[in-house]
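Text of upload-v9.txt, listed as compact mmCIF, C-alpha atoms:
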```
# COMPACT_ATOMS: atom_id res chain seq x y z
CA MET I 202 -5.39 -185.03 15.37
CA PHE I 203 -5.26 -186.38 11.86
CA VAL I 204 -8.46 -185.39 10.10
CA SER I 205 -9.50 -187.26 7.03
CA PRO I 206 -10.05 -185.02 4.01
CA HIS I 207 -13.47 -186.66 3.84
CA GLU I 208 -14.33 -186.03 7.48
CA GLY I 209 -17.98 -185.43 6.62
CA CYS I 210 -18.18 -188.53 4.42
CA ARG I 211 -20.21 -191.23 6.13
CA GLY I 212 -19.33 -194.20 3.94
CA ALA I 213 -16.33 -196.46 3.84
CA PHE I 214 -13.80 -195.76 1.13
CA LEU I 215 -12.76 -199.40 0.68
CA PRO I 216 -14.74 -202.35 -0.60
CA ASP I 217 -16.37 -204.40 2.16
CA SER I 218 -14.48 -207.43 0.90
CA PHE I 219 -11.07 -205.82 1.49
CA VAL I 220 -9.31 -207.12 4.59
CA VAL I 221 -7.61 -204.17 6.26
CA PRO I 222 -4.04 -204.90 7.37
CA THR I 223 -3.86 -205.34 11.15
CA LEU I 224 -0.23 -206.17 11.91
CA VAL I 225 3.06 -205.78 10.14
CA ALA I 226 6.03 -207.05 12.09
CA GLY I 227 9.64 -206.55 11.15
CA PRO I 228 13.02 -206.58 12.83
CA ARG I 229 13.07 -202.81 13.59
CA PHE I 230 9.39 -201.95 14.11
CA ARG I 231 5.83 -203.22 14.29
CA ILE I 232 2.83 -201.51 12.74
CA ARG I 233 -0.66 -202.09 14.08
CA PRO I 234 -3.94 -200.14 14.32
CA ILE I 235 -3.95 -197.46 16.98
CA THR I 236 -6.22 -197.97 20.00
CA VAL I 237 -7.00 -196.01 23.14
CA HIS I 238 -4.50 -198.24 24.93
CA ASP I 239 -1.75 -196.45 22.98
CA VAL I 240 -2.58 -192.97 24.26
CA VAL I 241 0.22 -192.67 26.83
CA LYS I 242 3.01 -193.58 24.39
CA ASP I 243 1.33 -191.67 21.57
CA TYR I 244 1.02 -188.52 23.67
CA GLY I 245 4.70 -188.74 24.56
CA ALA I 246 5.68 -189.17 20.91
CA VAL I 247 3.51 -186.24 19.83
CA MET I 248 4.57 -183.86 22.61
CA GLY I 249 8.23 -184.67 22.08
CA SER I 250 7.82 -183.86 18.39
CA LEU I 251 5.62 -180.74 18.40
CA ASP I 252 7.92 -178.54 16.31
CA ARG I 253 8.60 -181.28 13.81
CA LEU I 254 4.92 -182.19 13.44
CA ALA I 255 3.78 -178.57 13.14
CA GLY I 256 6.41 -178.09 10.44
CA ARG I 257 5.28 -181.21 8.63
CA PHE I 258 1.54 -180.68 8.76
CA GLY I 259 1.38 -176.90 8.92
CA PRO I 260 -1.40 -174.62 10.13
CA GLU I 261 -3.97 -175.96 7.67
CA TRP I 262 -4.06 -179.23 9.61
CA GLY I 263 -4.43 -177.49 12.96
CA TRP I 264 -2.52 -180.33 14.59
CA PRO I 265 -0.85 -180.59 16.93
CA ASP I 266 -1.89 -177.56 18.92
CA ARG I 267 0.72 -176.16 21.33
CA GLU I 268 -1.77 -176.62 24.18
CA PHE I 269 -2.49 -180.23 23.22
CA THR I 270 -3.60 -181.90 26.45
CA PHE I 271 -3.64 -185.53 27.46
CA GLU I 272 -7.44 -185.42 27.46
CA GLN I 273 -7.42 -184.12 23.87
CA ALA I 274 -4.97 -186.88 22.96
CA LEU I 275 -7.32 -189.51 24.39
CA ILE I 276 -10.23 -188.10 22.39
CA ASP I 277 -8.10 -187.98 19.22
CA VAL I 278 -6.85 -191.54 19.59
CA ALA I 279 -10.36 -192.82 20.32
CA TRP I 280 -11.60 -190.96 17.22
CA LEU I 281 -8.86 -192.50 15.08
CA GLN I 282 -9.76 -195.95 16.41
CA LYS I 283 -13.46 -195.38 15.62
CA GLU I 284 -12.67 -194.10 12.11
CA GLY I 285 -10.91 -197.42 11.47
CA GLN I 286 -13.86 -199.41 12.81
CA LEU I 287 -16.13 -197.47 10.43
CA ARG I 288 -13.62 -198.06 7.59
CA ARG I 289 -13.43 -194.32 6.79
CA SER I 290 -9.71 -193.90 7.51
CA PHE I 291 -7.05 -196.02 9.15
CA SER I 292 -4.41 -195.02 11.68
CA TYR I 293 -1.52 -197.11 12.86
CA VAL I 294 1.14 -196.85 15.53
CA VAL I 295 4.72 -197.61 14.59
CA ILE I 296 6.32 -199.17 17.65
CA THR I 297 9.45 -201.03 18.62
CA PRO I 298 9.17 -204.83 18.33
CA ASP I 299 8.84 -205.11 22.13
CA GLU I 300 6.06 -202.43 22.05
CA GLU I 301 7.90 -200.36 24.68
CA ARG I 302 8.38 -197.23 22.56
CA GLN I 303 6.23 -195.58 19.94
CA LEU I 304 8.30 -194.49 16.97
CA GLY I 305 5.57 -192.72 15.01
CA ARG I 306 2.26 -193.09 13.20
CA ILE I 307 0.80 -193.87 9.79
CA HIS I 308 -2.58 -192.63 8.51
CA VAL I 309 -4.37 -193.97 5.42
CA ALA I 310 -7.35 -191.95 4.18
CA PRO I 311 -9.33 -191.17 1.04
CA SER I 312 -7.79 -188.58 -1.23
CA ASP I 313 -9.63 -185.38 -1.99
CA ALA I 314 -7.35 -184.73 -4.97
CA PRO I 315 -8.30 -186.02 -8.40
CA GLY I 316 -6.07 -188.76 -9.72
CA ALA I 317 -5.28 -190.35 -6.35
CA ASP I 318 -7.07 -193.14 -4.52
CA ALA I 319 -5.68 -192.37 -1.08
CA VAL I 320 -3.39 -190.19 0.99
CA VAL I 321 -0.88 -191.75 3.33
CA VAL I 322 0.64 -189.55 5.99
CA PHE I 323 3.33 -190.86 8.30
CA TRP I 324 5.78 -189.46 10.77
CA VAL I 325 8.43 -190.53 13.21
CA ARG I 326 9.17 -188.91 16.52
CA ALA I 327 11.67 -186.05 16.55
CA ASP I 328 14.49 -188.12 18.05
CA GLU I 329 14.23 -190.53 15.08
CA GLU I 330 14.31 -187.77 12.46
CA ASP I 331 16.67 -188.62 9.61
CA SER I 332 17.52 -191.94 11.27
CA SER I 333 17.80 -195.28 9.55
CA VAL I 334 14.42 -196.17 11.12
CA GLU I 335 12.77 -193.21 9.37
CA LYS I 336 14.34 -194.14 6.03
CA GLU I 337 13.36 -197.80 6.44
CA LEU I 338 9.81 -196.83 7.41
CA GLU I 339 9.44 -194.53 4.42
CA GLU I 340 10.60 -197.24 2.02
CA PHE I 341 8.25 -199.72 3.66
CA VAL I 342 5.19 -197.42 3.70
CA ARG I 343 5.56 -196.40 0.05
CA GLU I 344 5.61 -200.07 -0.99
CA TRP I 345 2.94 -201.17 1.51
CA ALA I 346 0.47 -198.51 0.36
CA VAL I 347 0.34 -199.96 -3.15
CA THR I 348 0.84 -203.68 -2.45
CA ALA I 349 -1.18 -204.38 0.71
CA TRP I 350 -3.95 -201.89 -0.08
CA PRO I 351 -6.23 -201.71 -3.15
CA PHE I 352 -4.81 -198.39 -4.36
CA GLU I 353 -3.24 -197.57 -7.68
CA THR I 354 -2.24 -193.99 -6.96
CA VAL I 355 -1.31 -192.73 -3.52
CA ARG I 356 -0.35 -189.22 -2.42
CA PHE I 357 2.17 -188.76 0.41
CA PRO I 358 1.55 -185.21 1.72
CA GLY I 359 4.63 -183.74 3.34
CA ARG I 360 6.82 -186.32 1.59
CA ASP I 361 6.28 -185.66 -2.12
```
Could you write out this file's structure as structure tokens?
Amino acid sequence: MFVSPHEGCRGAFLPDSFVVPTLVAGPRFRIRPITVHDVVKDYGAVMGSLDRLAGRFGPEWGWPDREFTFEQALIDVAWLQKEGQLRRSFSYVVITPDEERQLGRIHVAPSDAPGADAVVVFWVRADEEDSSVEKELEEFVREWAVTAWPFETVRFPGRD
């Protein structure tokens, strides 16, 4: 599970007037907020990418655990959905345009490091590693984080 660095923080980290992006559609992928309805595809993407995700996030994140169960995945996805509703952090699925296959995820959260407004973490499933989709997504996310969101400085853990 992605845990916001401000997990204990109860307030939103964005102004109430900010309209959070809800759908980005392009020719190769769609990006929309994660919901519990995504759990089956999300679980498949996570389980098929365990080594890659553990290497990306490392032990300090504690995710994903080797014994990650479907029930844990449902709880995680529901938590991510609720965090978005509370405006504390925002998680998105990256899916094919027909919504048949989840390609990865994007998480936007407050930064705990001085000099940054937010952290944006994103990943693609292991079978998309180093693909043109991953490169296109990275280019898109880096631009999106500073143009569609009210951030001046964004950290990209695992990418910078």
Pick out the residues sitting within 7 Å of Thr297 (chain I), and hand them over as a PyMOL selection string; count all atoms listed in the file, and ignore anything fewer than 3 positions along from it in its own chain. chain I and resi 229-231+300-304
Find, counting only C-alpha atoms, the residue in I:Gly305, I:Pro351, I:Pro222, I:Gly359 that gets nearest to Met248 (chain I). I:Gly305
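Atom pair CA of Arg288 (chain I) / CA of Phe341 (chain I): separated by 22.3 Å.
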Report as a PyMOL selection string all protein, DNA and RNA residues lying within 12 Å of Arg267 (chain I), evaluated on only C-alpha atoms, omitting residues in the same chain fewer than 6 positions from it. chain I and resi 247-252+254-255+260+273
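Counting from CA of Val221 (chain I), the distance to CA of Ala346 (chain I) is 11.5 Å.
Reported to one decimal place, the separation of CA of Pro228 (chain I) from CA of Ser292 (chain I) is 20.9 Å.
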Neighbours of region 352-354 of chain I within 10 Å (only C-alpha atoms; same-chain residues fewer than 5 positions away dropped), as a PyMOL selection string? chain I and resi 215+312+316-320+346-347
Pick from I:Phe271, I:Trp324, I:Asp243, I:Pro234 nearest to Lys283 (chain I), counting all atoms listed in the file: I:Pro234
Which of these, I:Pro311, I:Ile296, I:Leu275, I:Pro358, has the shortest distance to Arg326 (chain I) once you count all atoms listed in the file? I:Ile296
Shell of 10 Å around Val237 (chain I), only C-alpha atoms, local chain residues under 5 positions omitted, as a PyMOL selection string: chain I and resi 243+274-283
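Using all atoms listed in the file for every distance, the candidate list I:Asp328, I:Lys242, I:Arg233, I:Ala349 yields I:Arg233 as the residue closest to His308 (chain I).
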Centre and edges of the region 228-235 of chain I box, axis-aligned, 6 Å extra per side, as lines of an AutoDock Vina configuration file:
```
center_x = 4.6
center_y = -202.0
center_z = 14.9
size_x = 29.0
size_y = 21.1
size_z = 16.2
```
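Residue nearest Tyr244 (chain I) within the list I:Val334, I:Val355, I:Val294, I:Val342: I:Val294 [criterion: smallest interatomic distance, all atoms listed in the file].
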Minimum-distance residue to Val322 (chain I), chosen among I:Arg289, I:Arg343, I:His238, I:Lys336 (using only C-alpha atoms): I:Arg343
Output region 221-232 of chain I with all heavy atoms present, as a tab-separated table (two decimals), keeping the file's coordinate frame.
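Result written to selection08.tsv:
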```
chain	number	residue	atom	x	y	z
I	221	VAL	N	-8.53	-205.24	5.86
I	221	VAL	CA	-7.61	-204.17	6.26
I	221	VAL	C	-6.43	-204.77	7.02
I	221	VAL	O	-6.62	-205.60	7.92
I	221	VAL	CB	-8.34	-203.14	7.15
I	221	VAL	CG1	-7.40	-202.07	7.65
I	221	VAL	CG2	-9.50	-202.51	6.37
I	222	PRO	N	-5.21	-204.38	6.66
I	222	PRO	CA	-4.04	-204.90	7.37
I	222	PRO	C	-4.11	-204.56	8.87
I	222	PRO	O	-4.46	-203.45	9.24
I	222	PRO	CB	-2.86	-204.16	6.72
I	222	PRO	CG	-3.37	-203.73	5.38
I	222	PRO	CD	-4.83	-203.48	5.56
I	223	THR	N	-3.78	-205.56	9.70
I	223	THR	CA	-3.86	-205.34	11.15
I	223	THR	C	-2.52	-205.44	11.86
I	223	THR	O	-2.39	-204.95	12.97
I	223	THR	CB	-4.83	-206.34	11.80
I	223	THR	OG1	-4.42	-207.66	11.48
I	223	THR	CG2	-6.25	-206.10	11.34
I	224	LEU	N	-1.54	-206.09	11.26
I	224	LEU	CA	-0.23	-206.17	11.91
I	224	LEU	C	0.84	-206.39	10.86
I	224	LEU	O	0.71	-207.26	10.00
I	224	LEU	CB	-0.18	-207.32	12.92
I	224	LEU	CG	1.18	-207.57	13.57
I	224	LEU	CD1	1.58	-206.41	14.47
I	224	LEU	CD2	1.16	-208.86	14.36
I	225	VAL	N	1.87	-205.58	10.96
I	225	VAL	CA	3.06	-205.78	10.14
I	225	VAL	C	4.21	-205.83	11.13
I	225	VAL	O	4.40	-204.89	11.91
I	225	VAL	CB	3.27	-204.61	9.14
I	225	VAL	CG1	4.55	-204.82	8.36
I	225	VAL	CG2	2.08	-204.47	8.21
I	226	ALA	N	4.92	-206.91	11.14
I	226	ALA	CA	6.03	-207.05	12.09
I	226	ALA	C	7.33	-207.20	11.33
I	226	ALA	O	7.41	-207.95	10.35
I	226	ALA	CB	5.80	-208.26	12.99
I	227	GLY	N	8.32	-206.46	11.76
I	227	GLY	CA	9.64	-206.55	11.15
I	227	GLY	C	10.70	-206.51	12.22
I	227	GLY	O	10.39	-206.40	13.41
I	228	PRO	N	11.95	-206.56	11.83
I	228	PRO	CA	13.02	-206.58	12.83
I	228	PRO	C	13.20	-205.25	13.58
I	228	PRO	O	13.65	-205.24	14.72
I	228	PRO	CB	14.27	-206.92	12.01
I	228	PRO	CG	13.93	-206.57	10.61
I	228	PRO	CD	12.44	-206.70	10.47
I	229	ARG	N	12.83	-204.13	12.96
I	229	ARG	CA	13.07	-202.81	13.59
I	229	ARG	C	11.81	-202.16	14.15
I	229	ARG	O	11.89	-201.29	15.00
I	229	ARG	CB	13.69	-201.86	12.57
I	229	ARG	CG	14.90	-202.40	11.89
I	229	ARG	CD	16.24	-201.93	12.36
I	229	ARG	NE	16.39	-200.61	12.88
I	229	ARG	CZ	16.98	-199.60	12.26
I	229	ARG	NH1	17.44	-199.75	11.03
I	229	ARG	NH2	17.11	-198.45	12.86
I	230	PHE	N	10.63	-202.55	13.62
I	230	PHE	CA	9.39	-201.95	14.11
I	230	PHE	C	8.22	-202.84	13.80
I	230	PHE	O	8.29	-203.73	12.97
I	230	PHE	CB	9.16	-200.55	13.51
I	230	PHE	CG	9.29	-200.48	12.01
I	230	PHE	CD1	8.28	-200.91	11.17
I	230	PHE	CD2	10.44	-199.96	11.44
I	230	PHE	CE1	8.39	-200.83	9.79
I	230	PHE	CE2	10.58	-199.87	10.06
I	230	PHE	CZ	9.54	-200.31	9.24
I	231	ARG	N	7.12	-202.57	14.53
I	231	ARG	CA	5.83	-203.22	14.29
I	231	ARG	C	4.84	-202.11	13.95
I	231	ARG	O	4.95	-201.00	14.45
I	231	ARG	CB	5.33	-203.95	15.54
I	231	ARG	CG	6.14	-205.12	15.93
I	231	ARG	CD	5.76	-205.65	17.31
I	231	ARG	NE	4.33	-205.90	17.46
I	231	ARG	CZ	3.80	-207.11	17.60
I	231	ARG	NH1	4.57	-208.16	17.62
I	231	ARG	NH2	2.50	-207.26	17.75
I	232	ILE	N	3.87	-202.46	13.12
I	232	ILE	CA	2.83	-201.51	12.74
I	232	ILE	C	1.50	-202.20	13.02
I	232	ILE	O	1.27	-203.32	12.54
I	232	ILE	CB	2.94	-201.14	11.24
I	232	ILE	CG1	4.28	-200.45	10.98
I	232	ILE	CG2	1.77	-200.28	10.81
I	232	ILE	CD1	4.62	-200.32	9.51
```
